[in-house]
>>> print(open('target.txt').read())   # compact mmCIF, C-alpha atoms
# COMPACT_ATOMS: atom_id res chain seq x y z
CA MET A 1 17.81 188.52 174.19
CA ALA A 2 17.14 190.18 170.83
CA VAL A 3 20.07 192.26 169.61
CA GLY A 4 18.05 194.49 167.34
CA LEU A 5 15.83 194.95 164.31
CA LEU A 6 16.66 195.28 160.60
CA ALA A 7 14.34 196.91 158.07
CA MET A 8 14.42 198.43 154.59
CA LEU A 9 13.68 202.17 154.59
CA ASN A 10 13.69 204.10 151.32
CA GLY A 11 15.88 201.49 149.68
CA ARG A 12 18.45 201.40 152.49
CA VAL A 13 19.00 199.00 155.39
CA ALA A 14 18.20 200.48 158.79
CA PHE A 15 19.38 198.83 162.00
CA GLN A 16 18.18 199.56 165.51
CA PHE A 17 19.40 197.98 168.75
CA SER A 18 16.67 196.70 171.06
CA LYS A 19 16.22 198.67 174.29
CA ASP A 20 17.10 195.63 176.37
CA PHE A 21 20.32 195.11 174.45
CA VAL A 22 21.28 198.75 174.87
CA LYS A 23 20.76 198.31 178.62
CA SER A 24 23.00 195.22 178.60
CA GLY A 25 25.96 197.42 177.65
CA LEU A 26 27.37 194.73 175.34
CA GLN A 27 29.32 196.18 172.43
CA ILE A 28 29.21 193.63 169.60
CA SER A 29 31.15 195.97 167.29
CA PRO A 30 32.55 198.77 169.43
CA LEU A 31 34.59 200.56 166.76
CA THR A 32 31.94 201.04 164.07
CA LEU A 33 28.55 200.30 165.70
CA PRO A 34 28.25 201.98 169.12
CA LEU A 35 25.22 201.19 171.27
CA MET A 36 22.36 203.65 170.74
CA GLU A 37 18.58 203.52 170.67
CA GLN A 38 18.27 205.48 167.42
CA PRO A 39 18.21 203.65 164.05
CA THR A 40 21.47 203.76 162.09
CA PHE A 41 22.37 203.42 158.43
CA ALA A 42 25.68 201.81 157.48
CA PRO A 43 27.69 202.93 154.44
CA ILE A 44 26.73 201.04 151.29
CA GLY A 45 29.58 198.79 150.14
CA ARG A 46 29.90 195.88 147.73
CA TYR A 47 30.68 193.50 150.59
CA SER A 48 28.50 194.92 153.36
CA GLN A 49 25.48 195.56 151.09
CA GLY A 50 24.37 198.36 153.39
CA LEU A 51 24.51 196.24 156.55
CA PRO A 52 26.55 197.08 159.64
CA PHE A 53 29.81 195.18 159.15
CA VAL A 54 29.27 192.94 162.16
CA LEU A 55 26.07 191.69 160.51
CA ALA A 56 27.52 191.63 157.00
CA GLU A 57 30.08 189.11 158.26
CA SER A 58 27.22 186.62 158.57
CA LEU A 59 26.59 186.79 154.81
CA SER A 60 28.01 184.05 152.65
CA ASP A 61 30.79 185.06 150.28
CA GLY A 62 33.24 183.31 148.01
CA TRP A 63 32.34 179.63 147.81
CA GLY A 64 29.25 179.99 150.03
CA ARG A 65 27.83 182.77 147.85
CA LEU A 66 28.50 180.70 144.73
CA VAL A 67 26.57 177.61 145.88
CA VAL A 68 23.67 179.66 147.28
CA ASP A 69 23.36 181.65 144.04
CA ARG A 70 23.45 178.44 141.99
CA PHE A 71 20.81 176.96 144.28
CA LEU A 72 18.57 180.03 143.86
CA GLY A 73 19.12 180.15 140.10
CA GLU A 74 18.04 176.54 139.63
CA ARG A 75 14.77 177.45 141.35
CA GLY A 76 14.10 180.33 139.00
CA ILE A 77 15.17 183.02 141.45
CA SER A 78 17.59 185.63 140.18
CA PRO A 79 20.37 186.10 142.78
CA SER A 80 20.51 189.80 141.91
CA GLU A 81 16.94 190.17 143.20
CA VAL A 82 17.76 188.67 146.60
CA GLY A 83 18.58 191.50 149.00
CA PRO A 84 20.77 191.48 152.11
CA LEU A 85 17.87 190.88 154.52
CA ASP A 86 16.68 187.90 152.46
CA ARG A 87 20.22 186.52 152.49
CA LEU A 88 20.43 186.83 156.27
CA ALA A 89 17.13 184.94 156.50
CA LEU A 90 18.71 182.22 154.35
CA ILE A 91 21.53 182.05 156.90
CA GLY A 92 19.16 181.93 159.88
CA SER A 93 20.90 180.12 162.72
CA ARG A 94 23.64 178.61 160.57
CA GLY A 95 26.01 181.56 160.51
CA MET A 96 29.43 181.77 162.05
CA GLY A 97 29.65 183.33 165.50
CA ALA A 98 26.81 183.98 167.95
CA LEU A 99 24.36 185.99 165.83
CA VAL A 100 21.19 184.33 164.51
CA TYR A 101 18.49 185.82 162.28
CA SER A 102 14.71 185.65 162.25
CA PRO A 103 12.76 184.83 160.18
CA ASP A 104 14.87 181.75 159.54
CA LEU A 105 14.24 180.41 156.03
CA THR A 106 16.55 177.42 156.39
CA GLU A 107 15.47 173.84 156.91
CA THR A 108 15.66 172.91 160.58
CA ASP A 109 15.50 169.13 160.32
CA ARG A 110 18.22 167.42 162.33
CA ASP A 111 20.40 165.38 160.00
CA THR A 112 22.57 162.74 161.67
CA ASP A 113 23.17 160.57 158.60
CA THR A 114 26.79 160.01 157.64
CA LEU A 115 27.81 162.33 154.81
CA ASP A 116 29.10 160.83 151.58
CA LEU A 117 32.19 163.00 151.18
CA GLY A 118 33.01 161.41 147.82
CA SER A 119 29.74 162.54 146.25
CA LEU A 120 30.08 166.00 147.82
CA LEU A 121 33.60 166.35 146.40
CA ALA A 122 32.33 165.28 142.98
CA GLY A 123 29.64 167.95 143.30
CA VAL A 124 32.26 170.57 144.18
CA GLU A 125 34.22 169.71 141.05
CA GLN A 126 31.07 169.83 138.89
CA ILE A 127 30.18 173.27 140.28
CA ASN A 128 33.67 174.55 139.48
CA GLU A 129 33.19 173.24 135.93
CA GLY A 130 29.80 174.95 135.63
CA LYS A 131 27.88 171.68 135.37
CA ALA A 132 24.53 170.68 136.85
CA VAL A 133 24.95 169.17 140.32
CA GLU A 134 22.67 166.61 141.91
CA VAL A 135 23.98 167.33 145.42
CA LEU A 136 23.66 171.12 145.05
CA PRO A 137 20.88 171.40 147.71
CA LYS A 138 23.08 169.50 150.17
CA LEU A 139 26.12 171.66 149.39
CA ALA A 140 24.05 174.85 149.69
CA LYS A 141 22.82 173.72 153.10
CA LEU A 142 26.20 172.61 154.40
CA GLY A 143 28.40 175.23 152.76
CA GLY A 144 26.22 178.28 152.28
CA SER A 145 27.39 180.21 155.34
CA PRO A 146 31.19 179.90 155.78
CA GLY A 147 33.24 182.62 154.11
CA GLY A 148 36.32 182.28 151.95
CA ALA A 149 37.02 181.17 148.40
CA ARG A 150 37.80 177.49 148.99
CA PRO A 151 34.99 174.88 148.90
CA LYS A 152 34.00 173.92 152.43
CA ILE A 153 31.13 172.63 154.55
CA LEU A 154 30.02 172.79 158.17
CA ALA A 155 30.33 169.33 159.65
CA GLY A 156 30.44 167.31 162.82
CA ILE A 157 33.09 164.64 163.24
CA ASP A 158 33.62 161.91 165.81
CA GLU A 159 36.75 160.06 166.93
CA ASN A 160 36.20 157.45 164.21
CA ASP A 161 36.18 160.12 161.45
CA ARG A 162 32.44 159.68 160.93
CA VAL A 163 31.18 162.94 159.40
CA ILE A 164 27.65 164.34 159.70
CA SER A 165 26.03 167.71 159.02
CA GLY A 166 27.28 170.52 161.24
CA THR A 167 24.51 173.01 160.55
CA GLU A 168 22.42 172.01 163.58
CA ASP A 169 23.05 170.73 167.09
CA MET A 170 24.94 167.45 166.98
CA PRO A 171 24.77 164.27 169.07
CA ALA A 172 27.25 163.71 171.89
CA GLY A 173 30.67 162.64 170.71
CA TYR A 174 30.73 164.91 167.65
CA VAL A 175 32.93 167.98 167.38
CA PRO A 176 31.82 170.95 165.23
CA CYS A 177 34.30 171.66 162.48
CA ILE A 178 34.85 173.17 159.05
CA LEU A 179 35.83 170.69 156.37
CA LYS A 180 37.68 172.00 153.32
CA PHE A 181 37.61 170.00 150.10
CA PRO A 182 40.66 169.41 147.89
CA VAL A 183 40.65 171.40 144.67
CA LYS A 184 43.45 172.07 142.23
CA SER A 185 45.20 175.38 142.88
CA GLU A 186 47.72 177.22 140.73
CA ILE A 187 50.50 177.03 143.32
CA LEU A 188 49.87 173.90 145.38
CA GLY A 189 48.18 171.70 142.79
CA ARG A 190 46.04 169.06 144.53
CA TYR A 191 47.86 169.44 147.83
CA GLU A 192 46.23 172.50 149.42
CA CYS A 193 44.63 170.40 152.17
CA GLU A 194 47.85 168.53 152.99
CA THR A 195 49.76 171.83 153.03
CA GLU A 196 47.30 173.55 155.34
CA TYR A 197 47.45 170.57 157.69
CA ALA A 198 51.26 170.64 157.73
CA TYR A 199 51.13 174.39 158.41
CA SER A 200 48.75 173.83 161.33
CA CYS A 201 51.20 171.32 162.83
CA MET A 202 54.09 173.73 162.28
CA ALA A 203 52.10 176.54 163.93
CA ARG A 204 51.54 174.39 167.01
CA LEU A 205 55.26 173.74 167.26
CA ALA A 206 55.70 177.52 167.09
CA ARG A 207 53.39 177.78 170.16
CA ILE A 208 50.59 179.43 168.17
CA THR A 209 47.10 178.71 169.48
CA ILE A 210 45.27 176.90 166.70
CA PRO A 211 42.21 174.58 166.81
CA GLU A 212 42.58 170.83 166.45
CA THR A 213 43.11 169.76 162.83
CA ARG A 214 43.16 166.51 160.88
CA LEU A 215 43.20 165.09 157.37
CA LEU A 216 40.33 162.90 156.14
CA GLN A 217 40.58 160.45 153.28
CA VAL A 218 38.16 161.20 150.43
CA GLY A 219 38.73 158.61 147.74
CA LYS A 220 42.34 159.05 146.64
CA GLN A 221 42.48 162.59 148.02
CA LYS A 222 42.58 164.29 151.42
CA ALA A 223 40.23 166.86 152.94
CA PHE A 224 41.33 169.28 155.67
CA CYS A 225 39.27 169.46 158.86
CA ILE A 226 39.62 172.18 161.52
CA GLN A 227 37.63 172.44 164.73
CA ARG A 228 35.33 175.46 165.02
CA PHE A 229 36.20 177.89 167.80
CA ASP A 230 32.90 179.77 167.63
CA ARG A 231 31.00 176.82 169.10
CA VAL A 232 31.18 175.50 172.66
CA GLN A 233 30.40 171.85 171.89
CA GLY A 234 33.68 170.03 171.92
CA VAL A 235 35.60 173.18 172.93
CA SER A 236 37.34 173.39 176.29
CA SER A 237 36.60 176.89 177.63
CA ASP A 238 35.74 178.51 180.92
CA ARG A 239 34.37 181.64 179.24
CA LYS A 240 30.72 182.59 179.59
CA THR A 241 29.02 182.10 176.24
CA PHE A 242 25.85 182.92 174.33
CA GLY A 243 24.26 179.49 174.72
CA ASP A 244 26.47 177.17 172.70
CA ARG A 245 27.90 180.01 170.63
CA LEU A 246 30.74 182.52 170.84
CA HIS A 247 30.57 185.98 169.30
CA GLN A 248 33.22 186.38 166.62
CA HIS A 249 34.28 189.53 164.77
CA THR A 250 37.13 189.87 162.26
CA LEU A 251 39.64 192.70 162.22
CA GLY A 252 38.28 193.80 158.84
CA GLY A 253 34.73 193.90 160.17
CA LEU A 254 35.75 195.74 163.34
CA LEU A 255 37.48 198.40 161.24
CA GLY A 256 34.67 198.57 158.65
CA MET A 257 36.94 197.53 155.81
CA GLU A 258 35.75 196.17 152.49
CA PRO A 259 37.62 193.03 151.30
CA GLY A 260 40.64 194.00 149.21
CA HIS A 261 41.19 197.15 151.25
CA SER A 262 44.87 197.89 150.68
CA VAL A 263 45.66 199.97 153.77
CA CYS A 264 46.08 197.54 156.63
CA ASP A 265 49.15 197.11 158.77
CA TYR A 266 49.96 194.81 161.67
CA LYS A 267 50.09 198.04 163.66
CA HIS A 268 46.31 198.32 163.11
CA LEU A 269 45.84 194.73 164.30
CA LEU A 270 47.82 195.24 167.50
CA SER A 271 46.14 198.61 168.14
CA VAL A 272 42.69 196.99 167.94
CA ALA A 273 43.85 194.13 170.18
CA LEU A 274 45.16 196.59 172.76
CA ARG A 275 41.97 198.65 172.69
CA LEU A 276 39.61 195.68 172.91
CA THR A 277 41.49 193.44 175.34
CA GLY A 278 43.98 195.65 177.18
CA ASP A 279 46.00 192.45 177.63
CA LYS A 280 49.66 192.24 176.61
CA ARG A 281 49.32 188.48 176.18
CA ASN A 282 47.05 189.09 173.18
CA ILE A 283 49.63 191.48 171.72
CA LEU A 284 52.36 188.86 172.07
CA SER A 285 50.10 186.19 170.59
CA LEU A 286 49.41 188.24 167.46
CA PHE A 287 53.07 189.26 167.21
CA ARG A 288 53.96 185.55 167.18
CA GLN A 289 51.42 184.88 164.41
CA MET A 290 52.83 187.76 162.39
CA VAL A 291 56.36 186.36 162.67
CA PHE A 292 55.06 182.95 161.61
CA ASN A 293 53.29 184.42 158.57
CA ILE A 294 56.47 186.21 157.49
CA ALA A 295 58.73 183.21 158.08
CA THR A 296 56.46 180.73 156.24
CA HIS A 297 55.46 182.89 153.25
CA ASN A 298 51.80 183.12 154.31
CA ARG A 299 50.95 186.32 152.48
CA ASP A 300 47.19 185.81 152.55
CA ASP A 301 47.25 187.53 155.96
CA HIS A 302 44.40 189.91 155.19
CA ALA A 303 42.20 191.64 157.76
CA ARG A 304 39.54 188.90 157.73
CA ASN A 305 42.04 186.25 158.68
CA PHE A 306 42.34 187.69 162.18
CA SER A 307 39.40 187.53 164.60
CA PHE A 308 38.38 188.52 168.11
CA MET A 309 35.89 186.79 170.42
CA MET A 310 33.57 188.34 173.02
CA ASP A 311 31.87 186.62 175.98
CA ILE A 312 28.54 187.52 177.64
CA HIS A 313 30.31 189.94 179.98
CA GLY A 314 31.68 191.93 177.05
CA THR A 315 35.25 190.69 177.56
CA TRP A 316 37.24 190.37 174.33
CA HIS A 317 40.17 188.10 173.49
CA VAL A 318 42.06 187.10 170.35
CA SER A 319 40.68 184.06 168.55
CA PRO A 320 42.77 181.00 167.72
CA ALA A 321 44.67 181.23 164.43
CA TYR A 322 43.15 179.97 161.18
CA ASP A 323 43.78 179.98 157.41
CA LEU A 324 47.53 179.50 157.77
CA LEU A 325 48.83 178.44 154.37
CA TYR A 326 51.64 179.05 151.90
CA SER A 327 50.46 181.79 149.54
CA ALA A 328 51.90 184.29 147.10
CA GLY A 329 49.76 187.21 148.25
CA PRO A 330 48.50 190.12 146.13
CA ALA A 331 51.22 191.13 143.66
CA GLY A 332 53.66 188.97 145.64
CA GLU A 333 53.23 190.99 148.83
CA HIS A 334 51.76 190.47 152.29
CA SER A 335 48.13 191.53 152.49
CA THR A 336 48.94 193.18 155.83
CA SER A 337 52.13 195.22 155.96
CA VAL A 338 54.60 195.47 158.85
CA MET A 339 55.30 199.12 159.68
CA GLY A 340 54.60 199.95 156.05
CA GLU A 341 56.68 197.12 154.53
CA CYS A 342 54.67 194.48 152.68
CA LYS A 343 57.12 193.05 150.13
CA LYS A 344 59.61 191.48 152.54
CA PRO A 345 59.30 192.60 156.17
CA GLU A 346 62.59 192.11 157.98
CA TRP A 347 64.08 192.36 161.45
CA GLN A 348 63.94 196.16 161.73
CA ASN A 349 60.26 196.29 160.74
CA ILE A 350 59.33 193.51 163.14
CA VAL A 351 61.27 194.89 166.11
CA SER A 352 60.06 198.46 165.55
CA LEU A 353 56.47 197.23 165.70
CA GLY A 354 57.07 195.19 168.84
CA GLU A 355 58.79 198.07 170.60
CA GLU A 356 55.90 200.39 169.81
CA PHE A 357 53.58 198.03 171.69
CA GLY A 358 55.81 197.51 174.70
CA LEU A 359 57.42 194.17 173.86
CA SER A 360 60.92 193.69 175.19
CA MET A 361 63.83 192.63 173.02
CA SER A 362 64.03 189.33 174.91
CA GLU A 363 60.33 188.62 174.31
CA MET A 364 60.63 189.31 170.60
CA THR A 365 63.86 187.35 170.23
CA ASN A 366 62.32 184.38 172.03
CA VAL A 367 59.30 184.40 169.67
CA ILE A 368 61.52 184.62 166.60
CA GLN A 369 63.68 181.75 167.82
CA GLU A 370 60.67 179.53 168.64
CA VAL A 371 59.07 180.19 165.26
CA GLY A 372 62.39 179.56 163.54
CA SER A 373 62.80 176.26 165.38
CA ALA A 374 59.31 175.15 164.27
CA VAL A 375 59.98 176.12 160.64
CA GLN A 376 63.06 173.90 160.64
CA GLN A 377 60.68 170.93 161.08
CA TRP A 378 58.89 171.68 157.80
CA GLY A 379 60.48 168.89 155.78
CA GLU A 380 59.42 166.19 158.21
CA LEU A 381 55.93 167.68 158.70
CA ALA A 382 55.41 167.90 154.94
CA LYS A 383 56.48 164.28 154.50
CA LEU A 384 54.12 163.08 157.24
CA SER A 385 51.28 165.07 155.65
CA GLY A 386 51.77 163.42 152.25
CA ILE A 387 53.23 166.40 150.40
CA PRO A 388 55.56 165.41 147.52
CA LYS A 389 59.20 166.22 148.17
CA ALA A 390 59.49 168.49 145.14
CA LEU A 391 56.55 170.63 146.29
CA SER A 392 57.81 170.66 149.87
CA GLU A 393 61.18 171.98 148.69
CA THR A 394 59.52 174.58 146.45
CA ILE A 395 57.59 175.88 149.44
CA SER A 396 60.57 175.92 151.78
CA LYS A 397 62.67 177.92 149.29
CA ASP A 398 60.38 180.88 150.00
CA PHE A 399 60.68 180.60 153.78
CA GLN A 400 62.28 183.67 155.32
CA ASP A 401 65.01 183.49 157.93
CA ILE A 402 64.40 186.32 160.39
CA HIS A 403 67.61 187.23 162.16
CA SER A 404 69.18 190.15 163.92
CA PRO A 405 71.59 192.41 162.03
CA LYS A 406 75.08 192.37 163.50
CA LYS A 407 75.19 196.09 164.08
CA ARG A 408 72.48 198.12 165.71
CA ALA A 409 72.44 201.12 168.01
CA LYS A 410 69.90 202.50 170.41
CA ASN A 411 68.76 206.08 169.79
CA THR A 412 69.08 207.87 173.11
CA ASN A 413 66.36 210.36 172.15
CA THR A 414 63.65 207.86 171.20
CA GLY A 415 64.79 204.79 173.13
CA HIS A 416 64.28 202.71 169.98
CA TYR A 417 66.87 200.71 168.07
CA GLU A 418 68.09 202.00 164.71
CA TYR A 419 69.62 199.79 162.02
>>> encode(input="target.txt", output="structure tokens")
Amino acid sequence: MAVGLLAMLNGRVAFQFSKDFVKSGLQISPLTLPLMEQPTFAPIGRYSQGLPFVLAESLSDGWGRLVVDRFLGERGISPSEVGPLDRLALIGSRGMGALVYSPDLTETDRDTDTLDLGSLLAGVEQINEGKAVEVLPKLAKLGGSPGGARPKILAGIDENDRVISGTEDMPAGYVPCILKFPVKSEILGRYECETEYAYSCMARLARITIPETRLLQVGKQKAFCIQRFDRVQGVSSDRKTFGDRLHQHTLGGLLGMEPGHSVCDYKHLLSVALRLTGDKRNILSLFRQMVFNIATHNRDDHARNFSFMMDIHGTWHVSPAYDLLYSAGPAGEHSTSVMGECKKPEWQNIVSLGEEFGLSMSEMTNVIQEVGSAVQQWGELAKLSGIPKALSETISKDFQDIHSPKKRAKNTNTGHYEY
């Protein structure tokens, strides 16, 4: 079923839902794009480029935008002259989530050849150095749609670590995934991939739902691989889906926020979860992820690092966690604050938030204890992941012990605890 039609009118992007989709009652972006038969115009923003945010999330940004722009430039096409509708056509059916775009200007040949990760990594390094890249067309095809700043590609991987293109349907035995390449970072050096893998293992111990992850050897380095949760192939799920796809929408997109928006609190995240899902289990799941982010110094917890999924019946649920990694954050603060505190959220901020959303003290204490127990395993997880001891200790020095103050009293007027 066609979702709708996009067109340029007087220099602006107009979007109109199809009549059949309006009749379906499915709300793909219920907070900022309500179902209606009349054409709508979205606010013009640097990120959204005049598209409704749910569609703008299909656009490549960060690394994907870089390789696509380099690819266009080498063919004599100025990236500044390529509008948002052209860019969606360049995404076609390769975007994240369930939405696909027509006309589809991408190549549709099915590629099942094993990828040479070494040559792709060399190409990544050459791009970062501003050099000409022989494998640029391959990188633009494989990595032109995922968002985020780190170099990555869409891939399929089998149990023997054989890696093929993940931009089209894959043969049986292959799991769709995102593969992130190792690059030197200011904080983690050459060990970003190992650190993200160790964090994914620590998150699992903390009972956070996270896709399957693994490390792949690329020459003398490691690449980080995480299973895609927006594809059905290889995913165990009883939810009704859009073919082999799942509709995905980030918190930032749902709220119509441009990247870098400074006013976002975990209260907003839990409010959206409650409105979309009406399920306390989703509230508790996100509360657990928040505690993990605070405890492990993951301050890159911005609004696009939380997502929601919708099935064909319009039922929403919280997505698995992703992009969990040690990070300094903007100006040394969490990207998402906790009841207004973003420098160092502590017990009172965490508990006040939980109470506001109906979590009991025992539920919150249990989460904090389970996360704390998982964090205590960091040293061993880091060692198994190949992280040097000195770096592992540097990371753990910034871990935050969340504990209850000795004295607290319950306000009889509000029913909340005061500290």
>>> closest_residue(input="target.txt", among="A:Ser165, A:Leu325, A:Pro137, A:Arg87", to="Glu196 of chain A", atoms="all atoms listed in the file")
A:Leu325
>>> atom_distance(input="target.txt", atom1="atom CA of Gly92 of chain A", atom2="atom CA of His313 of chain A")
24.3 Å
>>> residues_near_point(input="target.txt", point="(56.0, 173.8, 155.5)", cutoff="6 Å", atoms="all atoms listed in the file", output="short mmCIF file (atom, residue, chain, number, x, y, z; two decimals) with C-alpha atoms, in the coordinates of the input")
data_model
loop_
_atom_site.label_atom_id
_atom_site.label_comp_id
_atom_site.auth_asym_id
_atom_site.auth_seq_id
_atom_site.Cartn_x
_atom_site.Cartn_y
_atom_site.Cartn_z
CA TYR A 199 51.13 174.39 158.41
CA TRP A 378 58.89 171.68 157.80
CA ALA A 382 55.41 167.90 154.94
#
>>> closest_residue(input="target.txt", among="A:Lys280, A:Arg190, A:Arg231, A:Lys180", to="Glu168 of chain A", atoms="only C-alpha atoms")
A:Arg231
>>> residues_around(input="target.txt", residues="segment 11-13 of chain A", least_positions_apart="3", cutoff="10 Å", atoms="only C-alpha atoms", output="number ranges by chain")
A: 6-8, 39-44, 49-52, 83-85
>>> residues_around(input="target.txt", residues="Asp20 of chain A", least_positions_apart="4", cutoff="9 Å", atoms="only C-alpha atoms", output="MDAnalysis selection string")
chainID A and resid 1:3 24
>>> closest_residue(input="target.txt", among="A:Gly173, A:Gly314, A:Gly118, A:Gly144", to="Ala223 of chain A", atoms="all atoms listed in the file")
A:Gly118
>>> axis_aligned_box(input="target.txt", around="segment 87-90 of chain A", padding_each_side="3 Å", output="lines of an AutoDock Vina configuration file")
center_x = 18.8
center_y = 184.5
center_z = 154.5
size_x = 9.3
size_y = 10.6
size_z = 10.0
>>> atom_distance(input="target.txt", atom1="atom CA of Gly156 of chain A", atom2="atom CA of Leu286 of chain A")
28.6 Å
>>> closest_residue(input="target.txt", among="A:Pro151, A:Gly76, A:Gly97, A:Gly219", to="His249 of chain A", atoms="only C-alpha atoms")
A:Gly97
>>> closest_residue(input="target.txt", among="A:Asp161, A:Asp244, A:Glu258, A:Asp113", to="Glu57 of chain A", atoms="only C-alpha atoms")
A:Glu258
>>> closest_residue(input="target.txt", among="A:Leu142, A:Met36, A:Leu9, A:Val232", to="Pro176 of chain A", atoms="all atoms listed in the file")
A:Val232
>>> build_atoms(input="target.txt", residues="segment 122-133 of chain A", atoms="N, CA, C and O atoms", output="JSON list (two decimals), keeping the file's coordinate frame")
[["chain", "number", "residue", "atom", "x", "y", "z"],
["A", 122, "ALA", "N", 32.68, 165.32, 144.40],
["A", 122, "ALA", "CA", 32.33, 165.28, 142.98],
["A", 122, "ALA", "C", 31.43, 166.47, 142.62],
["A", 122, "ALA", "O", 31.58, 167.08, 141.56],
["A", 123, "GLY", "N", 30.50, 166.80, 143.52],
["A", 123, "GLY", "CA", 29.64, 167.95, 143.30],
["A", 123, "GLY", "C", 30.41, 169.26, 143.28],
["A", 123, "GLY", "O", 30.14, 170.15, 142.47],
["A", 124, "VAL", "N", 31.39, 169.38, 144.17],
["A", 124, "VAL", "CA", 32.26, 170.57, 144.18],
["A", 124, "VAL", "C", 32.96, 170.73, 142.84],
["A", 124, "VAL", "O", 33.00, 171.83, 142.25],
["A", 125, "GLU", "N", 33.51, 169.65, 142.33],
["A", 125, "GLU", "CA", 34.22, 169.71, 141.05],
["A", 125, "GLU", "C", 33.28, 170.05, 139.90],
["A", 125, "GLU", "O", 33.65, 170.80, 138.98],
["A", 126, "GLN", "N", 32.05, 169.53, 139.95],
["A", 126, "GLN", "CA", 31.07, 169.83, 138.89],
["A", 126, "GLN", "C", 30.67, 171.31, 138.95],
["A", 126, "GLN", "O", 30.49, 171.95, 137.90],
["A", 127, "ILE", "N", 30.51, 171.85, 140.15],
["A", 127, "ILE", "CA", 30.18, 173.27, 140.28],
["A", 127, "ILE", "C", 31.30, 174.13, 139.69],
["A", 127, "ILE", "O", 31.05, 175.10, 138.96],
["A", 128, "ASN", "N", 32.54, 173.79, 140.00],
["A", 128, "ASN", "CA", 33.67, 174.55, 139.48],
["A", 128, "ASN", "C", 33.76, 174.46, 137.96],
["A", 128, "ASN", "O", 34.33, 175.35, 137.31],
["A", 129, "GLU", "N", 33.20, 173.40, 137.39],
["A", 129, "GLU", "CA", 33.19, 173.24, 135.93],
["A", 129, "GLU", "C", 31.92, 173.80, 135.30],
["A", 129, "GLU", "O", 31.74, 173.73, 134.09],
["A", 130, "GLY", "N", 31.03, 174.36, 136.14],
["A", 130, "GLY", "CA", 29.80, 174.95, 135.63],
["A", 130, "GLY", "C", 28.73, 173.95, 135.24],
["A", 130, "GLY", "O", 27.82, 174.28, 134.47],
["A", 131, "LYS", "N", 28.83, 172.73, 135.73],
["A", 131, "LYS", "CA", 27.88, 171.68, 135.37],
["A", 131, "LYS", "C", 26.72, 171.60, 136.37],
["A", 131, "LYS", "O", 26.80, 172.14, 137.48],
["A", 132, "ALA", "N", 25.65, 170.92, 135.95],
["A", 132, "ALA", "CA", 24.53, 170.68, 136.85],
["A", 132, "ALA", "C", 24.98, 169.71, 137.95],
["A", 132, "ALA", "O", 25.76, 168.79, 137.70],
["A", 133, "VAL", "N", 24.46, 169.93, 139.17],
["A", 133, "VAL", "CA", 24.95, 169.17, 140.32],
["A", 133, "VAL", "C", 23.77, 168.58, 141.08],
["A", 133, "VAL", "O", 22.90, 169.32, 141.57]]
